[in-house]
Amino acid sequence: MPHVSIILPAWNAADTIAQTLSSITAQTFPDWEAIVVDDGSTDATPQIVAGLAQTDPRIRPVANPGKGPSDARNHAALALARGQILAFCDADDIWSPTKLAEVAAALDNPQTDGCFGRIAFFHKMPEDARSFSTVPPGPLTIPMLLGENPVCTMSNLSIRRAVFVASGGFDTTMVHNEDLEWLIRVVGGGARIRGIDRLQVWYRASTGGLSADLPAMRASRARALQTARRFGHEPDPAAEAVYLRYLARRALRLDLGGAEAMRLALQGLRTDARAFCSPLRRGLATAIGALTAPFLPRPLRRALFSH
């Protein structure tokens, strides 16, 4: 049985999935399977995956048409995965070659139930990335998740399969923030998820992806907040300000328009200016960038922020 089961939902990812799977087959830790769940792609995604599976039998193509990424992850993790560890990946992201080795080492510790690393954000080429996430000291908490959520993307999360099974999986009725809602349930239930201070994921920033729909992300956040309340956590103004800073940074990174970034930054500063600007290196840079973005020519704005 493989030690790690990689869970990879895919839909119309023909332009990126070969590069994603190449980063998986290049892992220095070889004891894995990759379950690629196709959601009914109408492009060449199934053919690309099938061809790669012929050259590496650790890749397992699965059809699950029209049910969405949450159902795809649940189906693969609950019904198909054979590994003790689940490592999630999206069909347009790239892993560092040592990611799974670092994950396996971290989860050798019985006091750790899950882990995540640092992320580099890029548009075209991974080596062009100039924006990077950080990992907090200590285990992940609900207040961290309600703020800037250092996990950021499911491509950055690995967890013991037993913990995922006990959680019941993702809420398949949610389109946005289903990962946040699930993480709050898992952490609220006592799982210990820790950061690894190593760059593990290159995240492809796309203006056409679900994560670029910031109004929908804010609307669906209400469901995640309901879950947090069940565990006794009411988001305070500081957490909301940090979340708004996160959205402002995303608006800059995805080049969603200077006005949108400025609106989010102003709302965050009005909510709790101290929290928005802390730490100064991150908060002040976001505030200055968002407040000046509307007045910059788009080529200059993209050059400064969209990496």
# chains A, B, ... in the order shown; residues from 1 in each chain; ligands from 1

$ residues_around --residues "stretch 258-268 of chain A" --least-positions-apart "5" --cutoff "7 Å" --atoms "only C-alpha atoms" --output "list in words"
Ala241, Leu244, Arg245, Leu247, Ala248, Ala251, Leu252, Ala273, Phe276, Ala287, Ala290, Leu291, Ala293 and Pro294 of chain A

$ residues_around --residues "stretch 32-36 of chain A" --least-positions-apart "5" --cutoff "8 Å" --atoms "only C-alpha atoms" --output "number ranges by chain"
A: 2-10, 49, 58-62, 76, 80-81, 83

$ residues_around --residues "A:Ile48" --least-positions-apart "2" --cutoff "12 Å" --atoms "only C-alpha atoms" --output "number ranges by chain"
A: 10, 12-22, 36, 38, 41, 43-46, 50-55, 59, 61

$ closest_residue --among "A:Leu280, A:Ala275, A:Val175, A:Ile159" --to "A:Lys67" --atoms "only C-alpha atoms"
A:Val175

$ residues_around --residues "A:Ala162" --least-positions-apart "6" --cutoff "10 Å" --atoms "only C-alpha atoms" --output "PyMOL selection string"
chain A and resi 78+84-86+113

$ select_by_dssp --residues "stretch 132-221 of chain A" --states "helix (DSSP H, G or I)" --output "MDAnalysis selection string"
chainID A and resid 142:146 154:156 161:167 178:188 210:212 214:221

$ write_last_selection --atoms "C-alpha atoms" --output "mmCIF file, in the first residue's frame"
data_model
loop_
_atom_site.group_PDB
_atom_site.id
_atom_site.type_symbol
_atom_site.label_atom_id
_atom_site.label_comp_id
_atom_site.auth_asym_id
_atom_site.auth_seq_id
_atom_site.Cartn_x
_atom_site.Cartn_y
_atom_site.Cartn_z
ATOM 1 C CA ILE A 142 -9.304 28.867 14.376
ATOM 2 C CA PRO A 143 -8.372 32.557 14.861
ATOM 3 C CA MET A 144 -5.514 32.065 12.373
ATOM 4 C CA LEU A 145 -7.955 30.543 9.890
ATOM 5 C CA LEU A 146 -10.432 33.375 10.376
ATOM 6 C CA MET A 154 -5.632 22.806 -0.521
ATOM 7 C CA SER A 155 -2.504 22.167 -2.605
ATOM 8 C CA ASN A 156 -0.646 23.104 0.569
ATOM 9 C CA ARG A 161 -6.515 9.924 6.433
ATOM 10 C CA ALA A 162 -8.055 8.865 9.754
ATOM 11 C CA VAL A 163 -8.539 12.534 10.686
ATOM 12 C CA PHE A 164 -10.171 13.285 7.332
ATOM 13 C CA VAL A 165 -12.519 10.312 7.665
ATOM 14 C CA ALA A 166 -13.518 11.400 11.189
ATOM 15 C CA SER A 167 -14.287 14.908 9.877
ATOM 16 C CA GLU A 178 -15.383 24.914 1.549
ATOM 17 C CA ASP A 179 -11.738 24.298 2.442
ATOM 18 C CA LEU A 180 -11.858 26.992 5.147
ATOM 19 C CA GLU A 181 -15.079 25.608 6.610
ATOM 20 C CA TRP A 182 -13.600 22.094 6.664
ATOM 21 C CA LEU A 183 -10.340 23.280 8.253
ATOM 22 C CA ILE A 184 -12.286 25.040 11.007
ATOM 23 C CA ARG A 185 -14.151 21.789 11.715
ATOM 24 C CA VAL A 186 -10.933 19.781 11.771
ATOM 25 C CA VAL A 187 -8.994 22.212 13.965
ATOM 26 C CA GLY A 188 -12.020 22.778 16.182
ATOM 27 C CA LEU A 210 -12.870 30.455 -8.409
ATOM 28 C CA SER A 211 -10.450 32.069 -5.973
ATOM 29 C CA ALA A 212 -10.539 35.267 -8.056
ATOM 30 C CA LEU A 214 -13.722 37.889 -4.191
ATOM 31 C CA PRO A 215 -17.401 38.863 -3.616
ATOM 32 C CA ALA A 216 -18.409 35.185 -3.707
ATOM 33 C CA MET A 217 -15.561 34.335 -1.346
ATOM 34 C CA ARG A 218 -16.802 36.931 1.150
ATOM 35 C CA ALA A 219 -20.397 35.710 0.868
ATOM 36 C CA SER A 220 -19.504 32.069 1.452
ATOM 37 C CA ARG A 221 -17.291 33.019 4.379
#

$ select_by_dssp --residues "stretch 165-248 of chain A" --states "strand (DSSP E or B)" --output "list in words"
Ile193, Arg194, Gly195, Ile196, Asp197, Arg198, Leu199, Gln200, Val201, Trp202, Tyr203 and Arg204 of chain A

$ write_last_selection --atoms "N, CA and C atoms" --output "PDB file, in the first residue's frame"
ATOM      1  N   ILE A 193      -2.421  20.706  13.383  1.00  0.00           N
ATOM      2  CA  ILE A 193      -1.874  20.958  12.054  1.00  0.00           C
ATOM      3  C   ILE A 193      -0.781  22.009  12.194  1.00  0.00           C
ATOM      4  N   ARG A 194       0.414  21.674  11.754  1.00  0.00           N
ATOM      5  CA  ARG A 194       1.570  22.544  11.983  1.00  0.00           C
ATOM      6  C   ARG A 194       2.198  22.971  10.656  1.00  0.00           C
ATOM      7  N   GLY A 195       2.794  24.151  10.677  1.00  0.00           N
ATOM      8  CA  GLY A 195       3.480  24.658   9.506  1.00  0.00           C
ATOM      9  C   GLY A 195       4.898  24.140   9.396  1.00  0.00           C
ATOM     10  N   ILE A 196       5.348  23.937   8.174  1.00  0.00           N
ATOM     11  CA  ILE A 196       6.734  23.584   7.859  1.00  0.00           C
ATOM     12  C   ILE A 196       7.343  24.792   7.161  1.00  0.00           C
ATOM     13  N   ASP A 197       8.392  25.343   7.717  1.00  0.00           N
ATOM     14  CA  ASP A 197       8.966  26.573   7.169  1.00  0.00           C
ATOM     15  C   ASP A 197       9.858  26.267   5.968  1.00  0.00           C
ATOM     16  N   ARG A 198       9.237  25.708   4.947  1.00  0.00           N
ATOM     17  CA  ARG A 198       9.913  25.377   3.692  1.00  0.00           C
ATOM     18  C   ARG A 198       8.958  25.703   2.542  1.00  0.00           C
ATOM     19  N   LEU A 199       9.506  26.193   1.443  1.00  0.00           N
ATOM     20  CA  LEU A 199       8.694  26.444   0.260  1.00  0.00           C
ATOM     21  C   LEU A 199       8.284  25.103  -0.341  1.00  0.00           C
ATOM     22  N   GLN A 200       6.978  24.856  -0.409  1.00  0.00           N
ATOM     23  CA  GLN A 200       6.498  23.555  -0.864  1.00  0.00           C
ATOM     24  C   GLN A 200       5.589  23.628  -2.084  1.00  0.00           C
ATOM     25  N   VAL A 201       4.980  24.782  -2.331  1.00  0.00           N
ATOM     26  CA  VAL A 201       3.979  24.875  -3.396  1.00  0.00           C
ATOM     27  C   VAL A 201       4.177  26.164  -4.182  1.00  0.00           C
ATOM     28  N   TRP A 202       4.091  26.040  -5.498  1.00  0.00           N
ATOM     29  CA  TRP A 202       3.970  27.209  -6.371  1.00  0.00           C
ATOM     30  C   TRP A 202       2.506  27.279  -6.795  1.00  0.00           C
ATOM     31  N   TYR A 203       1.868  28.373  -6.417  1.00  0.00           N
ATOM     32  CA  TYR A 203       0.433  28.562  -6.637  1.00  0.00           C
ATOM     33  C   TYR A 203       0.234  29.428  -7.871  1.00  0.00           C
ATOM     34  N   ARG A 204      -0.505  28.893  -8.824  1.00  0.00           N
ATOM     35  CA  ARG A 204      -0.730  29.618 -10.077  1.00  0.00           C
ATOM     36  C   ARG A 204      -1.899  30.586  -9.902  1.00  0.00           C
TER      37      ARG A 204
END

$ closest_residue --among "A:Glu102, A:Glu148, A:Asp171, A:Glu240" --to "A:Phe116" --atoms "only C-alpha atoms"
A:Glu102

$ closest_residue --among "A:Asn149, A:Ser96, A:Thr292, A:Gln27" --to "A:Ser133" --atoms "only C-alpha atoms"
A:Asn149

$ atom_distance --atom1 "atom CA of A:Thr98" --atom2 "atom CA of A:Glu127"
16.8 Å

$ closest_residue --among "A:Met1, A:Gly66, A:Arg82, A:Ala91" --to "A:Ile24" --atoms "only C-alpha atoms"
A:Ala91

$ atom_distance --atom1 "atom CA of A:Arg160" --atom2 "atom CA of A:Phe231"
21.7 Å

$ closest_residue --among "A:Asn109, A:Gly283, A:Lys124, A:Ala79" --to "A:Asp93" --atoms "only C-alpha atoms"
A:Lys124

$ residues_around --residues "A:Phe122" --least-positions-apart "6" --cutoff "10 Å" --atoms "only C-alpha atoms" --output "JSON, numbers by chain"
{"A": [93, 128, 129, 130, 131, 132, 202, 203, 204, 205, 206, 253, 254, 306, 307]}

$ write_last_selection --atoms "C-alpha atoms" --output "CSV table (one decimal), in the first residue's frame"
chain,number,residue,atom,x,y,z
A,93,ASP,CA,-0.3,24.1,-9.0
A,128,ASP,CA,9.1,34.7,-11.6
A,129,ALA,CA,7.3,34.4,-8.2
A,130,ARG,CA,7.9,37.4,-6.0
A,131,SER,CA,5.2,37.0,-3.4
A,132,PHE,CA,5.5,34.3,-0.7
A,202,TRP,CA,4.0,27.2,-6.4
A,203,TYR,CA,0.4,28.6,-6.6
A,204,ARG,CA,-0.7,29.6,-10.1
A,205,ALA,CA,-2.7,32.9,-9.7
A,206,SER,CA,-5.4,33.0,-12.3
A,253,ARG,CA,-1.8,39.8,-6.9
A,254,LEU,CA,-4.5,38.8,-9.4
A,306,SER,CA,0.9,40.6,-10.0
A,307,HIS,CA,3.6,38.0,-9.2
